[in-house]
>>> print(open('coords-v4.pdb').read())   # PDB, C-alpha atoms, pLDDT in the B column
MODEL        1
ATOM      1  CA  MET Z   1     -47.431 -15.915 209.355  1.00 56.00           C
ATOM      2  CA  THR Z   2     -47.913 -12.464 207.874  1.00 58.00           C
ATOM      3  CA  LEU Z   3     -49.181 -12.034 204.318  1.00 59.00           C
ATOM      4  CA  VAL Z   4     -47.662  -9.088 202.450  1.00 60.00           C
ATOM      5  CA  LEU Z   5     -49.363  -7.624 199.386  1.00 57.00           C
ATOM      6  CA  THR Z   6     -46.554  -5.978 197.479  1.00 60.00           C
ATOM      7  CA  GLY Z   7     -47.121  -2.888 195.414  1.00 59.00           C
ATOM      8  CA  ALA Z   8     -44.617  -0.176 194.564  1.00 56.00           C
ATOM      9  CA  ALA Z   9     -41.512  -0.173 196.801  1.00 52.00           C
ATOM     10  CA  ALA Z  10     -43.097   1.860 199.586  1.00 55.00           C
ATOM     11  CA  SER Z  11     -46.691   0.637 199.313  1.00 61.00           C
ATOM     12  CA  ASN Z  12     -46.959  -2.849 200.786  1.00 64.00           C
ATOM     13  CA  ILE Z  13     -50.001  -3.894 202.806  1.00 64.00           C
ATOM     14  CA  ASN Z  14     -49.356  -6.329 205.655  1.00 63.00           C
ATOM     15  CA  LEU Z  15     -52.083  -8.749 206.743  1.00 64.00           C
ATOM     16  CA  GLY Z  16     -51.133 -10.176 210.147  1.00 63.00           C
ATOM     17  CA  THR Z  17     -52.038 -13.608 211.494  1.00 62.00           C
ATOM     18  CA  ASN Z  18     -54.334 -12.063 214.107  1.00 59.00           C
ATOM     19  CA  GLY Z  19     -56.391 -10.246 211.454  1.00 54.00           C
ATOM     20  CA  THR Z  20     -54.583  -6.899 211.749  1.00 58.00           C
ATOM     21  CA  ILE Z  21     -53.897  -4.848 208.679  1.00 59.00           C
ATOM     22  CA  SER Z  22     -50.919  -2.518 208.703  1.00 57.00           C
ATOM     23  CA  ASN Z  23     -49.188  -0.069 206.395  1.00 57.00           C
ATOM     24  CA  LEU Z  24     -52.422   1.066 204.702  1.00 50.00           C
ATOM     25  CA  ALA Z  25     -51.336   4.701 204.947  1.00 52.00           C
ATOM     26  CA  SER Z  26     -48.585   4.049 202.409  1.00 50.00           C
ATOM     27  CA  VAL Z  27     -51.067   2.996 199.717  1.00 51.00           C
ATOM     28  CA  SER Z  28     -52.296   5.769 197.451  1.00 54.00           C
ATOM     29  CA  PRO Z  29     -56.054   6.319 197.568  1.00 56.00           C
ATOM     30  CA  LEU Z  30     -58.301   4.825 194.920  1.00 54.00           C
ATOM     31  CA  THR Z  31     -59.143   7.050 192.018  1.00 60.00           C
ATOM     32  CA  THR Z  32     -62.556   7.844 190.576  1.00 72.00           C
ATOM     33  CA  GLY Z  33     -64.298   4.964 188.867  1.00 82.00           C
ATOM     34  CA  GLN Z  34     -62.288   2.101 190.339  1.00 92.00           C
ATOM     35  CA  ILE Z  35     -64.124  -0.905 191.710  1.00 93.00           C
ATOM     36  CA  ILE Z  36     -63.623  -0.892 195.467  1.00 93.00           C
ATOM     37  CA  GLN Z  37     -65.426  -4.119 196.347  1.00 95.00           C
ATOM     38  CA  VAL Z  38     -67.663  -6.778 194.812  1.00 96.00           C
ATOM     39  CA  VAL Z  39     -70.250  -8.746 196.798  1.00 97.00           C
ATOM     40  CA  THR Z  40     -72.465 -11.507 195.452  1.00 97.00           C
ATOM     41  CA  ALA Z  41     -75.270 -13.640 196.840  1.00 97.00           C
ATOM     42  CA  SER Z  42     -77.562 -16.348 195.517  1.00 97.00           C
ATOM     43  CA  THR Z  43     -80.614 -18.321 196.546  1.00 97.00           C
ATOM     44  CA  SER Z  44     -82.409 -21.410 195.319  1.00 96.00           C
ATOM     45  CA  THR Z  45     -85.216 -21.312 197.909  1.00 96.00           C
ATOM     46  CA  GLU Z  46     -88.582 -21.413 196.162  1.00 96.00           C
ATOM     47  CA  VAL Z  47     -90.998 -18.530 196.872  1.00 96.00           C
ATOM     48  CA  ALA Z  48     -94.519 -18.615 195.378  1.00 94.00           C
ATOM     49  CA  MET Z  49     -97.386 -16.125 195.477  1.00 91.00           C
ATOM     50  CA  THR Z  50    -100.955 -15.877 194.155  1.00 87.00           C
ATOM     51  CA  ASP Z  51    -102.027 -12.351 195.150  1.00 85.00           C
ATOM     52  CA  THR Z  52    -101.148  -8.800 194.063  1.00 83.00           C
ATOM     53  CA  THR Z  53     -98.949  -7.829 197.011  1.00 88.00           C
ATOM     54  CA  TRP Z  54     -95.253  -7.107 196.500  1.00 91.00           C
ATOM     55  CA  THR Z  55     -93.437 -10.167 197.850  1.00 95.00           C
ATOM     56  CA  ASP Z  56     -89.708 -10.655 198.465  1.00 97.00           C
ATOM     57  CA  THR Z  57     -88.169 -13.234 196.094  1.00 97.00           C
ATOM     58  CA  GLY Z  58     -85.567 -14.197 198.696  1.00 97.00           C
ATOM     59  CA  LEU Z  59     -82.748 -12.668 196.637  1.00 98.00           C
ATOM     60  CA  THR Z  60     -80.868 -10.318 198.987  1.00 98.00           C
ATOM     61  CA  VAL Z  61     -77.309  -9.025 199.305  1.00 98.00           C
ATOM     62  CA  THR Z  62     -75.591  -6.735 201.816  1.00 97.00           C
ATOM     63  CA  ILE Z  63     -72.547  -4.669 200.899  1.00 96.00           C
ATOM     64  CA  ASN Z  64     -70.618  -3.302 203.881  1.00 95.00           C
ATOM     65  CA  SER Z  65     -68.440  -0.241 204.431  1.00 94.00           C
ATOM     66  CA  VAL Z  66     -69.705   1.707 201.412  1.00 95.00           C
ATOM     67  CA  ALA Z  67     -67.668   4.917 201.233  1.00 94.00           C
ATOM     68  CA  SER Z  68     -69.129   8.396 200.985  1.00 94.00           C
ATOM     69  CA  GLY Z  69     -69.699   9.410 197.368  1.00 94.00           C
ATOM     70  CA  SER Z  70     -69.444   5.863 195.999  1.00 95.00           C
ATOM     71  CA  LYS Z  71     -71.937   4.431 193.539  1.00 96.00           C
ATOM     72  CA  CYS Z  72     -73.150   0.834 193.459  1.00 97.00           C
ATOM     73  CA  LEU Z  73     -73.733  -1.138 190.273  1.00 97.00           C
ATOM     74  CA  VAL Z  74     -76.355  -3.820 190.979  1.00 98.00           C
ATOM     75  CA  LEU Z  75     -76.694  -6.840 188.660  1.00 97.00           C
ATOM     76  CA  VAL Z  76     -79.677  -9.158 189.159  1.00 97.00           C
ATOM     77  CA  ASP Z  77     -80.234 -12.555 187.522  1.00 97.00           C
ATOM     78  CA  GLN Z  78     -83.665 -13.629 188.835  1.00 95.00           C
ATOM     79  CA  GLN Z  79     -85.188 -17.013 187.942  1.00 95.00           C
ATOM     80  CA  ILE Z  80     -88.959 -16.564 187.666  1.00 91.00           C
ATOM     81  CA  SER Z  81     -91.942 -18.654 186.585  1.00 88.00           C
ATOM     82  CA  ALA Z  82     -95.454 -17.373 185.914  1.00 83.00           C
ATOM     83  CA  ARG Z  83     -98.646 -19.361 185.318  1.00 80.00           C
ATOM     84  CA  LYS Z  84    -102.289 -18.484 184.841  1.00 73.00           C
ATOM     85  CA  ASP Z  85    -105.180 -20.837 184.113  1.00 68.00           C
ATOM     86  CA  ALA Z  86    -106.571 -18.495 181.477  1.00 64.00           C
ATOM     87  CA  THR Z  87    -105.220 -16.339 178.703  1.00 56.00           C
ATOM     88  CA  GLY Z  88    -102.965 -13.406 179.543  1.00 59.00           C
ATOM     89  CA  LYS Z  89    -100.437 -13.161 182.363  1.00 65.00           C
ATOM     90  CA  SER Z  90     -98.544 -10.140 183.589  1.00 74.00           C
ATOM     91  CA  PHE Z  91     -96.029  -9.710 186.381  1.00 81.00           C
ATOM     92  CA  GLY Z  92     -93.195  -7.474 187.478  1.00 84.00           C
ATOM     93  CA  LEU Z  93     -89.988  -7.415 189.481  1.00 90.00           C
ATOM     94  CA  ARG Z  94     -88.534  -4.455 191.323  1.00 92.00           C
ATOM     95  CA  LEU Z  95     -85.190  -3.719 192.975  1.00 96.00           C
ATOM     96  CA  LEU Z  96     -85.008  -2.098 196.402  1.00 98.00           C
ATOM     97  CA  ARG Z  97     -82.289  -0.535 198.528  1.00 98.00           C
ATOM     98  CA  GLY Z  98     -83.629  -1.228 202.003  1.00 97.00           C
ATOM     99  CA  SER Z  99     -87.265  -0.172 201.733  1.00 97.00           C
ATOM    100  CA  THR Z 100     -86.676   2.297 198.860  1.00 97.00           C
ATOM    101  CA  VAL Z 101     -87.629   1.168 195.347  1.00 95.00           C
ATOM    102  CA  ILE Z 102     -84.757   2.083 193.004  1.00 96.00           C
ATOM    103  CA  GLN Z 103     -85.895   0.177 189.894  1.00 92.00           C
ATOM    104  CA  ALA Z 104     -89.616  -0.373 189.277  1.00 88.00           C
ATOM    105  CA  PRO Z 105     -91.422  -2.202 186.468  1.00 82.00           C
ATOM    106  CA  LEU Z 106     -93.843  -0.573 184.083  1.00 78.00           C
ATOM    107  CA  ALA Z 107     -97.290  -0.467 185.683  1.00 74.00           C
ATOM    108  CA  ASN Z 108    -100.898   0.209 184.781  1.00 73.00           C
ATOM    109  CA  SER Z 109    -102.917   3.107 186.215  1.00 74.00           C
ATOM    110  CA  SER Z 110    -103.664   1.044 189.350  1.00 72.00           C
ATOM    111  CA  GLY Z 111     -99.950   0.486 189.990  1.00 70.00           C
ATOM    112  CA  LEU Z 112    -100.030  -3.217 189.108  1.00 68.00           C
ATOM    113  CA  PRO Z 113     -97.019  -4.508 187.132  1.00 67.00           C
ATOM    114  CA  TRP Z 114     -97.421  -4.670 183.383  1.00 65.00           C
ATOM    115  CA  GLU Z 115     -93.799  -5.010 182.331  1.00 67.00           C
ATOM    116  CA  ASN Z 116     -93.806  -8.716 181.426  1.00 64.00           C
ATOM    117  CA  TYR Z 117     -97.005  -9.618 179.602  1.00 61.00           C
ATOM    118  CA  ILE Z 118     -97.656 -12.988 178.001  1.00 59.00           C
ATOM    119  CA  ASP Z 119    -100.857 -13.776 176.123  1.00 55.00           C
ATOM    120  CA  LEU Z 120    -101.938 -17.051 174.611  1.00 50.00           C
ATOM    121  CA  PRO Z 121    -105.077 -16.986 172.483  1.00 52.00           C
ATOM    122  CA  ASN Z 122    -107.691 -19.418 173.764  1.00 51.00           C
ATOM    123  CA  THR Z 123    -107.804 -21.598 170.671  1.00 54.00           C
ATOM    124  CA  SER Z 124    -108.100 -25.374 170.316  1.00 57.00           C
ATOM    125  CA  GLY Z 125    -108.895 -25.745 174.005  1.00 60.00           C
ATOM    126  CA  LEU Z 126    -105.684 -24.147 175.294  1.00 59.00           C
ATOM    127  CA  THR Z 127    -106.452 -22.733 178.726  1.00 64.00           C
ATOM    128  CA  ARG Z 128    -103.127 -22.007 180.412  1.00 66.00           C
ATOM    129  CA  THR Z 129    -100.575 -19.244 179.920  1.00 69.00           C
ATOM    130  CA  GLY Z 130     -97.090 -19.711 181.325  1.00 73.00           C
ATOM    131  CA  PHE Z 131     -93.530 -18.479 181.354  1.00 77.00           C
ATOM    132  CA  SER Z 132     -90.375 -19.763 182.990  1.00 83.00           C
ATOM    133  CA  GLY Z 133     -87.038 -18.075 182.534  1.00 87.00           C
ATOM    134  CA  ARG Z 134     -84.609 -15.493 183.803  1.00 90.00           C
ATOM    135  CA  HIS Z 135     -85.167 -11.778 184.333  1.00 90.00           C
ATOM    136  CA  SER Z 136     -82.238  -9.360 184.508  1.00 92.00           C
ATOM    137  CA  ILE Z 137     -82.041  -6.003 186.227  1.00 94.00           C
ATOM    138  CA  ILE Z 138     -79.004  -3.740 185.855  1.00 95.00           C
ATOM    139  CA  LYS Z 139     -79.096  -0.585 187.965  1.00 96.00           C
ATOM    140  CA  LEU Z 140     -76.457   2.017 188.811  1.00 97.00           C
ATOM    141  CA  ASP Z 141     -77.397   3.321 192.249  1.00 97.00           C
ATOM    142  CA  ALA Z 142     -75.876   6.808 192.248  1.00 96.00           C
ATOM    143  CA  SER Z 143     -76.633   7.526 195.923  1.00 94.00           C
ATOM    144  CA  PRO Z 144     -76.521   4.307 197.963  1.00 96.00           C
ATOM    145  CA  GLY Z 145     -75.538   6.046 201.201  1.00 95.00           C
ATOM    146  CA  THR Z 146     -72.687   4.860 203.407  1.00 94.00           C
ATOM    147  CA  GLY Z 147     -71.984   1.909 205.671  1.00 95.00           C
ATOM    148  CA  SER Z 148     -74.004  -1.295 205.173  1.00 97.00           C
ATOM    149  CA  VAL Z 149     -76.423  -1.237 202.245  1.00 97.00           C
ATOM    150  CA  VAL Z 150     -78.990  -3.987 201.583  1.00 98.00           C
ATOM    151  CA  TYR Z 151     -80.389  -4.685 198.106  1.00 98.00           C
ATOM    152  CA  HIS Z 152     -83.240  -7.113 197.431  1.00 98.00           C
ATOM    153  CA  VAL Z 153     -85.778  -8.067 194.764  1.00 97.00           C
ATOM    154  CA  GLU Z 154     -89.577  -8.204 195.016  1.00 96.00           C
ATOM    155  CA  MET Z 155     -92.178  -9.689 192.648  1.00 92.00           C
ATOM    156  CA  ASN Z 156     -95.871  -9.028 192.028  1.00 87.00           C
ATOM    157  CA  ASN Z 157     -98.762 -10.405 189.945  1.00 81.00           C
ATOM    158  CA  TYR Z 158    -101.049  -8.338 187.773  1.00 74.00           C
ATOM    159  CA  ALA Z 159    -103.999 -10.579 188.638  1.00 69.00           C
ATOM    160  CA  SER Z 160    -104.672 -12.504 191.837  1.00 63.00           C
ATOM    161  CA  GLY Z 161    -106.201 -15.854 192.682  1.00 60.00           C
ATOM    162  CA  SER Z 162    -105.089 -19.455 192.880  1.00 59.00           C
ATOM    163  CA  SER Z 163    -105.132 -19.681 189.078  1.00 72.00           C
ATOM    164  CA  SER Z 164    -102.452 -16.973 188.841  1.00 78.00           C
ATOM    165  CA  THR Z 165     -99.154 -18.120 190.360  1.00 85.00           C
ATOM    166  CA  LEU Z 166     -95.776 -16.363 190.338  1.00 87.00           C
ATOM    167  CA  THR Z 167     -92.787 -18.377 191.564  1.00 92.00           C
ATOM    168  CA  ALA Z 168     -89.180 -17.346 192.145  1.00 94.00           C
ATOM    169  CA  GLN Z 169     -86.544 -20.099 192.141  1.00 95.00           C
ATOM    170  CA  ARG Z 170     -89.102 -22.675 190.951  1.00 91.00           C
ATOM    171  CA  GLN Z 171     -87.709 -26.073 191.890  1.00 88.00           C
ATOM    172  CA  ASP Z 172     -88.830 -28.060 188.847  1.00 81.00           C
ATOM    173  CA  THR Z 173     -86.717 -25.982 186.455  1.00 65.00           C
ATOM    174  CA  THR Z 174     -83.219 -26.889 185.259  1.00 72.00           C
ATOM    175  CA  ASP Z 175     -81.484 -24.079 187.158  1.00 80.00           C
ATOM    176  CA  SER Z 176     -83.581 -22.499 189.881  1.00 90.00           C
ATOM    177  CA  THR Z 177     -80.768 -20.414 191.398  1.00 95.00           C
ATOM    178  CA  SER Z 178     -81.043 -16.611 191.333  1.00 97.00           C
ATOM    179  CA  ASN Z 179     -78.013 -14.337 191.742  1.00 97.00           C
ATOM    180  CA  ILE Z 180     -77.318 -10.727 192.705  1.00 98.00           C
ATOM    181  CA  THR Z 181     -73.980  -8.920 192.479  1.00 97.00           C
ATOM    182  CA  VAL Z 182     -73.126  -5.431 193.764  1.00 97.00           C
ATOM    183  CA  MET Z 183     -69.984  -3.527 192.764  1.00 97.00           C
ATOM    184  CA  GLU Z 184     -68.993  -0.440 194.731  1.00 96.00           C
ATOM    185  CA  ILE Z 185     -67.472   2.134 192.399  1.00 95.00           C
ATOM    186  CA  GLY Z 186     -65.232   4.820 193.899  1.00 93.00           C
ATOM    187  CA  ALA Z 187     -66.254   8.471 193.707  1.00 82.00           C
TER     188      ALA Z 187
ENDMDL
END
>>> encode(input="coords-v4.pdb", output="structure tokens")
Amino acid sequence: MTLVLTGAAASNINLGTNGTISNLASVSPLTTGQIIQVVTASTSTEVAMTDTTWTDTGLTVTINSVASGSKCLVLVDQQISARKDATGKSFGLRLLRGSTVIQAPLANSSGLPWENYIDLPNTSGLTRTGFSGRHSIIKLDASPGTGSVVYHVEMNNYASGSSSTLTAQRQDTTDSTSNITVMEIGA
């Protein structure tokens, strides 16, 4: 069986049973700003860290066949939990295209993330600072390159040690799934 996507009278696309696509030449090219493709990925695998080394959260997506001149709009919904057995906790998330950082958090002079800071005064015997929630990143990548492009998210602590834990997709939360969506936008 052949599937026919019908457009204007002379611009049908035929999808054959053997995976062949025919009649693409009759379809007018996409114009500037149109969404060419959308790819999404998610993970619920827990990743925890206690040091100050950038660590992959496990949230990764690959978009294939990116055309020359296209831009990619990247939308990240990252579940993250932070805990420190003392007052004050800071952490950061960053977005990468391959090994290139394209969205970085605010940082101190040593390069440690300072974007998300939580402080709980040590009163009445309170000794733990914590946060659990969702962190969003929205980034228009104006020069993603062509072909297959991989986007992923990394996390980092401001302070290290077993008393300072950062967890992506923490399993004891209501919804521990993180999501990433990439939209290729025509040039």
>>> closest_residue(input="coords-v4.pdb", among="Z:Ser90, Z:Ser109, Z:Gln169, Z:Thr177", to="Z:Asn156", atoms="all atoms listed in the file")
Z:Ser90
>>> atom_distance(input="coords-v4.pdb", atom1="atom CA of Z:Ala142", atom2="atom CA of Z:Ser44")
29.1 Å
>>> residues_around(input="coords-v4.pdb", residues="Z:Arg134", least_positions_apart="3", cutoff="8 Å", atoms="all atoms listed in the file", output="JSON, numbers by chain")
{"Z": [77, 78, 79, 80]}
>>> resolve_selection(input="coords-v4.pdb", expression="the PyMOL selection byres ((chain Z and resi 58-63) around 9)", output="PyMOL selection string")
chain Z and resi 37-47+55-57+64-66+76+78+147-154+168-169+178-184
>>> atom_distance(input="coords-v4.pdb", atom1="atom CA of Z:Ala82", atom2="atom CA of Z:Gly98")
25.7 Å
>>> atom_distance(input="coords-v4.pdb", atom1="atom CA of Z:Ala187", atom2="atom CA of Z:Leu96")
21.7 Å
>>> resolve_selection(input="coords-v4.pdb", expression="the PyMOL selection byres ((chain Z and resi 33) around 9)", output="ChimeraX atom specification")
/Z:30-32,34-36,70-71,185-187
>>> resolve_selection(input="coords-v4.pdb", expression="the PyMOL selection byres ((chain Z and resi 52) around 6)", output="mmCIF file with C-alpha atoms, keeping the file's coordinate frame")
data_model
loop_
_atom_site.group_PDB
_atom_site.id
_atom_site.type_symbol
_atom_site.label_atom_id
_atom_site.label_comp_id
_atom_site.auth_asym_id
_atom_site.auth_seq_id
_atom_site.Cartn_x
_atom_site.Cartn_y
_atom_site.Cartn_z
ATOM 1 C CA ASP Z 51 -102.027 -12.351 195.150
ATOM 2 C CA THR Z 53 -98.949 -7.829 197.011
ATOM 3 C CA ASN Z 156 -95.871 -9.028 192.028
ATOM 4 C CA ASN Z 157 -98.762 -10.405 189.945
ATOM 5 C CA SER Z 160 -104.672 -12.504 191.837
#
>>> closest_residue(input="coords-v4.pdb", among="Z:Lys84, Z:Trp54, Z:Val74, Z:Gly133", to="Z:Thr174", atoms="all atoms listed in the file")
Z:Gly133
>>> residues_near_point(input="coords-v4.pdb", point="(-90.2, 1.5, 194.3)", cutoff="12 Å", atoms="only C-alpha atoms", output="list in words")
Trp54, Gly92, Leu93, Arg94, Leu95, Leu96, Arg97, Gly98, Ser99, Thr100, Val101, Ile102, Gln103, Ala104, Pro105, Leu106, Ala107, Gly111, Pro113, His152, Val153, Glu154 and Met155 of chain Z
